[in-house]
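K.L.:
coords.tsv is reproduced in full below (TSV, C-alpha atoms).
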```
chain	number	residue	atom	x	y	z
A	443	MET	CA	179.44	64.47	29.06
A	444	TYR	CA	176.68	65.61	31.42
A	445	GLY	CA	176.70	69.23	30.28
A	446	TRP	CA	173.71	68.74	28.02
A	447	LEU	CA	171.79	67.01	30.82
A	448	TYR	CA	172.32	69.98	33.13
A	449	THR	CA	171.72	72.60	30.42
A	450	ILE	CA	168.59	71.08	28.86
A	451	ILE	CA	166.92	69.28	31.77
A	452	ILE	CA	168.26	69.93	35.29
A	453	TYR	CA	168.82	73.70	35.19
A	454	PRO	CA	165.49	74.47	33.46
A	455	ILE	CA	163.68	72.47	36.16
A	456	ILE	CA	165.50	74.39	38.89
A	457	PHE	CA	164.71	77.67	37.12
A	458	ILE	CA	160.98	76.98	36.66
A	459	PHE	CA	160.36	75.27	40.00
A	460	PRO	CA	159.03	78.44	41.73
A	461	ALA	CA	156.42	78.79	38.96
A	462	TYR	CA	155.39	75.15	39.36
A	463	ALA	CA	155.10	75.63	43.14
A	464	ALA	CA	153.06	78.80	42.63
A	465	ASN	CA	150.80	77.09	40.10
A	466	GLY	CA	150.10	74.00	42.21
A	467	ALA	CA	149.59	75.62	45.62
A	468	PRO	CA	146.08	77.02	44.99
A	469	VAL	CA	144.73	73.52	44.39
A	470	ILE	CA	145.88	72.54	47.89
A	471	PHE	CA	145.34	75.78	49.84
A	472	GLY	CA	142.63	77.68	47.95
A	473	LYS	CA	139.51	75.69	48.82
A	474	GLY	CA	136.80	77.37	50.88
A	475	SER	CA	137.98	80.88	50.16
A	476	LYS	CA	136.14	83.73	48.50
A	477	PRO	CA	136.55	84.07	44.74
A	478	ILE	CA	138.99	86.77	43.66
A	479	THR	CA	136.14	88.61	41.96
A	480	SER	CA	132.53	88.16	40.98
A	481	ALA	CA	132.77	90.90	38.34
A	482	ARG	CA	131.41	90.34	34.87
A	483	PHE	CA	132.66	91.43	31.46
A	484	ARG	CA	130.34	91.40	28.45
A	485	GLY	CA	127.81	89.58	30.62
A	486	ARG	CA	130.21	86.76	31.48
A	487	PRO	CA	132.23	86.16	34.65
A	488	VAL	CA	135.70	87.69	34.56
A	489	LEU	CA	137.19	84.65	36.31
A	490	GLY	CA	136.04	81.21	37.32
A	491	SER	CA	134.72	80.82	40.86
A	492	HIS	CA	137.59	78.41	41.66
A	493	LYS	CA	140.08	81.30	41.41
A	494	THR	CA	140.17	82.27	45.08
A	495	ARG	CA	141.89	84.92	47.16
A	496	ARG	CA	143.49	82.34	49.42
A	497	GLY	CA	144.66	80.33	46.42
A	498	LEU	CA	146.25	83.41	44.85
A	499	ALA	CA	148.00	84.40	48.07
A	500	ALA	CA	149.14	80.83	48.79
A	501	GLY	CA	150.39	80.41	45.25
A	502	ILE	CA	152.50	83.54	45.33
A	503	LEU	CA	153.80	82.72	48.80
A	504	CYS	CA	154.74	79.14	47.84
A	505	GLY	CA	156.48	80.28	44.67
A	506	VAL	CA	158.48	82.92	46.54
A	507	LEU	CA	159.35	80.39	49.24
A	508	ALA	CA	160.56	77.92	46.58
A	509	GLY	CA	162.71	80.65	45.04
A	510	PHE	CA	164.07	81.59	48.46
A	511	LEU	CA	165.01	78.00	49.27
A	512	GLU	CA	166.73	77.61	45.91
A	513	SER	CA	168.58	80.89	46.48
A	514	LEU	CA	170.32	79.34	49.49
A	515	ALA	CA	172.26	76.97	47.21
A	516	PRO	CA	175.72	78.25	46.22
A	517	GLY	CA	175.57	80.09	42.92
A	518	PHE	CA	171.78	80.41	42.95
A	519	GLY	CA	171.33	83.65	44.90
A	520	PHE	CA	169.35	85.08	41.98
A	521	MET	CA	166.57	82.51	42.48
A	522	LEU	CA	164.76	84.63	45.08
A	523	ALA	CA	164.18	87.29	42.40
A	524	VAL	CA	163.20	84.56	39.94
A	525	GLY	CA	160.77	83.15	42.51
A	526	ILE	CA	159.11	86.52	43.05
A	527	LEU	CA	158.81	87.33	39.34
A	528	GLU	CA	157.73	83.85	38.28
A	529	SER	CA	155.12	83.62	41.05
A	530	ILE	CA	153.47	86.85	39.97
A	531	GLY	CA	153.74	85.86	36.31
A	532	THR	CA	152.34	82.41	37.00
A	533	HIS	CA	149.19	83.83	38.50
A	534	ALA	CA	148.86	86.54	35.88
A	535	GLY	CA	148.96	83.76	33.26
A	536	ASP	CA	146.57	81.51	35.16
A	537	LEU	CA	144.08	84.35	35.62
A	538	LEU	CA	144.44	85.36	31.96
A	539	GLY	CA	143.69	81.78	30.93
A	540	SER	CA	140.64	81.74	33.22
A	541	PHE	CA	139.44	85.05	31.79
A	542	ILE	CA	139.77	83.79	28.20
A	543	LYS	CA	137.98	80.54	29.07
A	544	ARG	CA	135.07	82.47	30.61
A	545	GLN	CA	134.87	84.81	27.62
A	546	ILE	CA	134.81	81.99	25.06
A	547	GLN	CA	132.23	80.27	27.25
A	548	VAL	CA	134.16	77.21	28.34
A	549	LYS	CA	132.17	75.95	31.31
A	550	GLU	CA	133.88	75.83	34.69
A	551	GLY	CA	135.57	72.50	35.25
A	552	HIS	CA	135.75	71.72	31.53
A	553	PRO	CA	139.11	71.33	29.79
A	554	ALA	CA	140.51	73.88	27.36
A	555	PRO	CA	143.64	72.48	25.70
A	556	LEU	CA	146.56	74.91	25.76
A	557	LEU	CA	144.67	77.40	27.97
A	558	ASP	CA	144.87	74.99	30.87
A	559	GLN	CA	148.59	74.25	30.50
A	560	TYR	CA	150.52	77.14	29.07
A	561	PRO	CA	149.45	80.69	30.06
A	562	PHE	CA	151.02	80.29	33.51
A	563	LEU	CA	154.29	79.06	31.99
A	564	VAL	CA	154.48	81.71	29.27
A	565	LEU	CA	153.81	84.58	31.67
A	566	ALA	CA	156.10	83.17	34.37
A	567	LEU	CA	158.91	83.15	31.83
A	568	ALA	CA	157.92	86.59	30.50
A	569	PHE	CA	157.90	88.11	33.99
A	570	ALA	CA	161.36	86.59	34.63
A	571	LEU	CA	162.78	88.16	31.45
A	572	PRO	CA	164.57	90.93	33.39
A	573	LEU	CA	166.83	88.12	34.61
A	574	VAL	CA	167.58	86.95	31.08
A	575	SER	CA	171.24	86.29	31.88
A	576	HIS	CA	170.03	83.37	34.01
A	577	PHE	CA	167.49	82.04	31.51
A	578	PRO	CA	167.64	78.42	30.37
A	579	SER	CA	168.77	77.73	26.82
A	580	ILE	CA	166.22	77.56	24.01
A	581	TYR	CA	166.42	73.76	24.27
A	582	GLY	CA	165.74	74.03	27.99
A	583	ILE	CA	162.69	76.19	27.28
A	584	ILE	CA	161.42	73.66	24.74
A	585	PHE	CA	161.96	70.93	27.33
A	586	LEU	CA	159.91	72.98	29.85
A	587	PHE	CA	156.97	73.16	27.45
A	588	ALA	CA	157.02	69.38	27.05
A	589	LEU	CA	157.52	68.84	30.79
A	590	THR	CA	154.66	71.22	31.62
A	591	TRP	CA	152.29	69.31	29.37
A	592	ALA	CA	153.25	66.01	31.02
A	593	MET	CA	153.24	67.41	34.55
A	594	HIS	CA	149.85	69.01	34.00
A	595	ARG	CA	148.37	65.69	32.96
A	596	LEU	CA	149.99	63.69	35.77
A	597	THR	CA	149.47	66.13	38.65
A	598	ASN	CA	145.84	66.77	37.76
A	599	LEU	CA	145.14	63.06	37.51
A	600	GLY	CA	146.86	62.49	40.85
A	601	ALA	CA	145.01	65.38	42.51
A	602	HIS	CA	141.73	63.99	41.21
A	603	ARG	CA	142.48	60.52	42.55
A	604	LEU	CA	143.39	62.03	45.92
A	605	LYS	CA	140.07	63.92	45.87
A	606	ILE	CA	141.84	67.28	45.86
A	607	LYS	CA	140.40	68.19	42.45
A	608	GLU	CA	136.91	67.47	41.18
A	609	VAL	CA	138.02	66.73	37.61
A	610	PRO	CA	141.09	64.90	36.27
A	611	TRP	CA	142.17	67.68	33.85
```
What would the structure in this file look like if it were written as structure tokens?
P.N.:
Amino acid sequence: MYGWLYTIIIYPIIFIFPAYAANGAPVIFGKGSKPITSARFRGRPVLGSHKTRRGLAAGILCGVLAGFLESLAPGFGFMLAVGILESIGTHAGDLLGSFIKRQIQVKEGHPAPLLDQYPFLVLALAFALPLVSHFPSIYGIIFLFALTWAMHRLTNLGAHRLKIKEVPW
């Protein structure tokens, strides 16, 4: 009876949690650090100034730590590898999204639907593909896209209200 609940909702959340931890950590730990780069491409910044070295390091560390903690549960030993791969993929996706936003001239702090929510998720999943035998079902992946949209809205609004983020998106 609860097989669908585990397959479509619970297991996908467990699987993606390291990516969520990696994606959220820079907002908390990245402030006051030097930007990753000040390089320019075609006369435009490569990345936004809010993409910091400390945020990148903290994000990867938090994602790996989340994967490690999940790997301690019986039957989830593979989650350390998932945590490592998803953390790197998360930040590759986030930085790719930032690069695209800068190149299409979206001003820093302004929303860019889809680019703000999904590059981290897509690349986290892509980087975890070597562990495909542990991947959630297609329905679980679809659920993760819907959950990511909702979580993005709610966490950003909450971070803004707590004065952790300057903008609510």
K.L.:
Might you pull out every residue within 7 Å of region 485-493 of chain A, with all atoms listed in the file counted and same-chain residues fewer than 3 positions away left off, and present them as a count of residues only?
P.N.:
13
K.L.:
Here is a test: counting all atoms listed in the file, which residue of A:Pro572, A:Gly600, A:Gly466, A:Gly582 is nearest to Gln559 (chain A)?
P.N.:
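Closest candidate: A:Gly466.
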K.L.:
Name the closest residue to Gly535 (chain A) among the candidates A:Tyr448, A:Tyr453, A:Phe569, A:Trp611; distances are taken between atoms, counting only C-alpha atoms.
P.N.:
A:Phe569
K.L.:
CA of Trp591 (chain A) and CA of Glu608 (chain A), how far apart in Å?
P.N.:
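So the two atoms, CA of Glu608 (chain A) and CA of Trp591 (chain A), lie 19.5 Å apart.
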K.L.:
How far is it from CA of Ala467 (chain A) to CA of Phe510 (chain A), in Å with one decimal?
P.N.:
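Separation between CA of Ala467 (chain A) and CA of Phe510 (chain A): 15.9 Å.
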K.L.:
Find, counting all atoms listed in the file, the residue in A:Ile606, A:Leu511, A:Leu589, A:Ile530 that gets nearest to Ile452 (chain A).
P.N.:
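So, comparing all the options, the nearest one is A:Leu589.
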K.L.:
Within 10 Å of (153.4, 75.3, 43.1) in the file's own coordinates, which protein, DNA or RNA residues have an atom, counting all atoms listed in the file? List them as a list in words.
P.N.:
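Returned residue set, sorted by chain then number, is Phe459, Pro460, Ala461, Tyr462, Ala463, Ala464, Asn465, Gly466, Ala467, Pro468, Val469, Ile470, Ala500, Gly501, Ile502, Leu503, Cys504, Gly505, Val506, Leu507, Ala508, Ser529 and Thr532 of chain A.
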K.L.:
In terms of the shortest atom-to-atom distance over only C-alpha atoms, which of A:Ala523, A:Phe457, A:Leu565, A:His533 is closest to Thr494 (chain A)?
P.N.:
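So, comparing all the options, the nearest one is A:His533.
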K.L.:
In terms of the shortest atom-to-atom distance over all atoms listed in the file, which of A:Glu528, A:Leu599, A:Gly519, A:Leu557 is closest to Ala570 (chain A)?
P.N.:
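For Ala570 (chain A), the nearest of the candidates is A:Glu528.
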K.L.:
Which one is closest to Leu556 (chain A): A:Val524, A:Pro578, A:Pro454, A:Thr590? Count all atoms listed in the file.
P.N.:
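Comparing A:Val524, A:Pro578, A:Pro454, A:Thr590 against Leu556 (chain A), the winner is A:Thr590.
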K.L.:
Could you tell me how far CA of Ile580 (chain A) lies from CA of Met521 (chain A), in Å and to one decimal?
P.N.:
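According to the coordinates, CA of Ile580 (chain A) and CA of Met521 (chain A) are separated by 19.1 Å.
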K.L.:
May I have the centre and edge lengths, in Å to one decimal, of an axis-aligned box around the listed atoms of region 472-490 of chain A with 6 Å added to every side, as lines of an AutoDock Vina configuration file?
P.N.:
```
center_x = 135.2
center_y = 83.6
center_z = 39.7
size_x = 26.8
size_y = 27.7
size_z = 34.4
```
